[in-house]
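Take a look at the structure set out below.
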Amino acid sequence: MSVSTASNSSGSTASKSTASKSIRKLVLGNWKLHGTLSANGSLLSAVREGVANSAITASCDVGVCVPFPYLAQAESALTGSDLAWGAQDVSAHASGAYTGEVSATMLRDFGSRYVLVGHSERRMYHAESDQLVADKAKIALDAGLIPVVCIGESLAEREADQTLSIVERQLAPVLALGSDVVRRLVIAYEPVWAIGTGKTASPEQAQDVHAAIRKLLGEDGASVRLLYGGSVKGANAASLFAMADIDGGLIGGAALNAEEFLRIAEAGASTRSF
Ligand SMILES: O=C[C@H](O)COP(=O)(O)O
């Protein structure tokens, strides 16, 4: 990948940050197509209890993005806690004859704060285009949600040295929405080859792409949270979150285990980017 690198204080090599260091970290779980009422009940109460008995949310935001049918359960289980909840997708339409879709205002009706848009599994299995993802981000923001725009390259694209051109292409219609929108987004960089594979991008690999994304965002980038996603675990979270432009994580498999998820959130709360 063609990005300039420089040594940091840990002796590792990664692109230098242009970011302000005042960005609050965010650790967001993505449950994907997992859960039952019973299993969710135990998971939500264990995470709620773990957060209540720690200082995590004093310095790190934490939330879970659940399947649509469990939004009411998440709202009921988490209301009054410091945890946020949200969904994994949203319709680009406000209302109308769109069978099977769920609107942004419906998500707000169940107290959602976040919604993922453009996850690679949506792009891959539902042919979501870059423009559709931008439309979803816009309608989510207009409804008062915080969209988490997911971007990232496939293994073939990385090996062809196309990582930066891919994330640039994916972000182009989002950036075209203008500063007022961009400043309020969260962006999740998730290299597709690292999702659910156990192959995490190294902190330096992730930092290189995050620094490039921050640069693409221009002045608006100073306040935008850039999450890393892809096989984040309790054991590797701190080293990823210590990188200058990694402002937290989007967590898949490890978010289904309360102890592991809390360990990652602890890393978000205790790790200072250098
Ligand atoms: O949205 C989450 C990502 O797809 C990462 O999933 P993973 O942590 O299971 O690799």
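We name chains A, B, ... following the order of the structure tokens; residues begin at 1 in each chain, and ligands are numbered from 1 as shown.
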Quiz item: So which residues are near ligand 1, meaning at most 9 Å away with only C-alpha atoms and all ligand atoms counted, given back as number ranges by chain?
Solution: A: 28-32, 88, 116, 119-121, 150, 188, 190-200, 228-233, 249-255
Exercise. Just the alpha helix (DSSP H) stuff from stretch 52-175 of chain A, please, per backbone DSSP, written as a ChimeraX atom specification.
Key: /A:52,56-59,71-78,104-109,120-125,130-142,155-159,163-175
May I have all residues of stretch 60-138 of chain A that DSSP, computed from the backbone, assigns to strand (DSSP E or B), given as an mmCIF file with C-alpha atoms, in the first residue's frame?
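Saved as part19.cif:
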data_model
loop_
_atom_site.group_PDB
_atom_site.id
_atom_site.type_symbol
_atom_site.label_atom_id
_atom_site.label_comp_id
_atom_site.auth_asym_id
_atom_site.auth_seq_id
_atom_site.Cartn_x
_atom_site.Cartn_y
_atom_site.Cartn_z
ATOM 1 C CA CYS A 60 -15.149 5.337 26.286
ATOM 2 C CA ASP A 61 -18.582 5.056 24.683
ATOM 3 C CA VAL A 62 -19.930 1.523 24.426
ATOM 4 C CA GLY A 63 -22.881 0.148 22.498
ATOM 5 C CA VAL A 64 -24.340 -2.881 20.751
ATOM 6 C CA CYS A 65 -25.929 -3.161 17.311
ATOM 7 C CA ALA A 84 -26.155 2.607 23.781
ATOM 8 C CA TRP A 85 -27.801 0.331 21.251
ATOM 9 C CA GLY A 86 -28.656 0.407 17.607
ATOM 10 C CA ALA A 87 -29.154 -1.585 14.419
ATOM 11 C CA TYR A 114 -26.198 4.034 16.223
ATOM 12 C CA VAL A 115 -26.820 2.279 12.932
ATOM 13 C CA LEU A 116 -24.272 0.486 10.775
ATOM 14 C CA VAL A 117 -24.393 1.301 7.074
#
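Those residues that approach A:Arg272 to within 9 Å, counting only C-alpha atoms, are Lys21, Phe241, Ala242, Met243, Ala244 and Gly268 of chain A; same-chain residues fewer than 4 positions away are not listed.
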Could those residues be written to a file, using C-alpha atoms, as a CSV table (one decimal), in the first residue's frame?
chain,number,residue,atom,x,y,z
A,21,LYS,CA,-6.1,13.7,20.4
A,241,PHE,CA,-6.5,1.3,20.2
A,242,ALA,CA,-3.1,2.7,21.0
A,243,MET,CA,-2.6,3.8,17.4
A,244,ALA,CA,-3.0,7.5,16.8
A,268,GLY,CA,-10.9,1.4,24.8
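Comparing the minimum interatomic distances between A:His126 and each of A:Leu262, A:Asp82, A:Asp89, A:Leu26, counting only C-alpha atoms, we find that A:Asp89 sits nearest.
Picture a line from atom CA of A:Ala211 to atom CA of A:Arg113; it runs 26.2 Å.
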Exercise. Within 9 Å of A:Ala235, counting only C-alpha atoms, which residues show up once you throw out same-chain ones fewer than 4 positions away? Write them as an MDAnalysis selection string, please.
Key: chainID A and resid 239 260 263:264
For the residues selected in the previous step, produce a file with C-alpha atoms as a short mmCIF file (atom, residue, chain, number, x, y, z; two decimals), in the first residue's frame.
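Writing done, so here's result-v2.cif:
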data_model
loop_
_atom_site.label_atom_id
_atom_site.label_comp_id
_atom_site.auth_asym_id
_atom_site.auth_seq_id
_atom_site.Cartn_x
_atom_site.Cartn_y
_atom_site.Cartn_z
CA SER A 239 -2.38 -2.48 20.80
CA GLU A 260 -14.43 -10.61 26.07
CA ARG A 263 -12.20 -6.56 28.09
CA ILE A 264 -12.18 -4.79 24.73
#
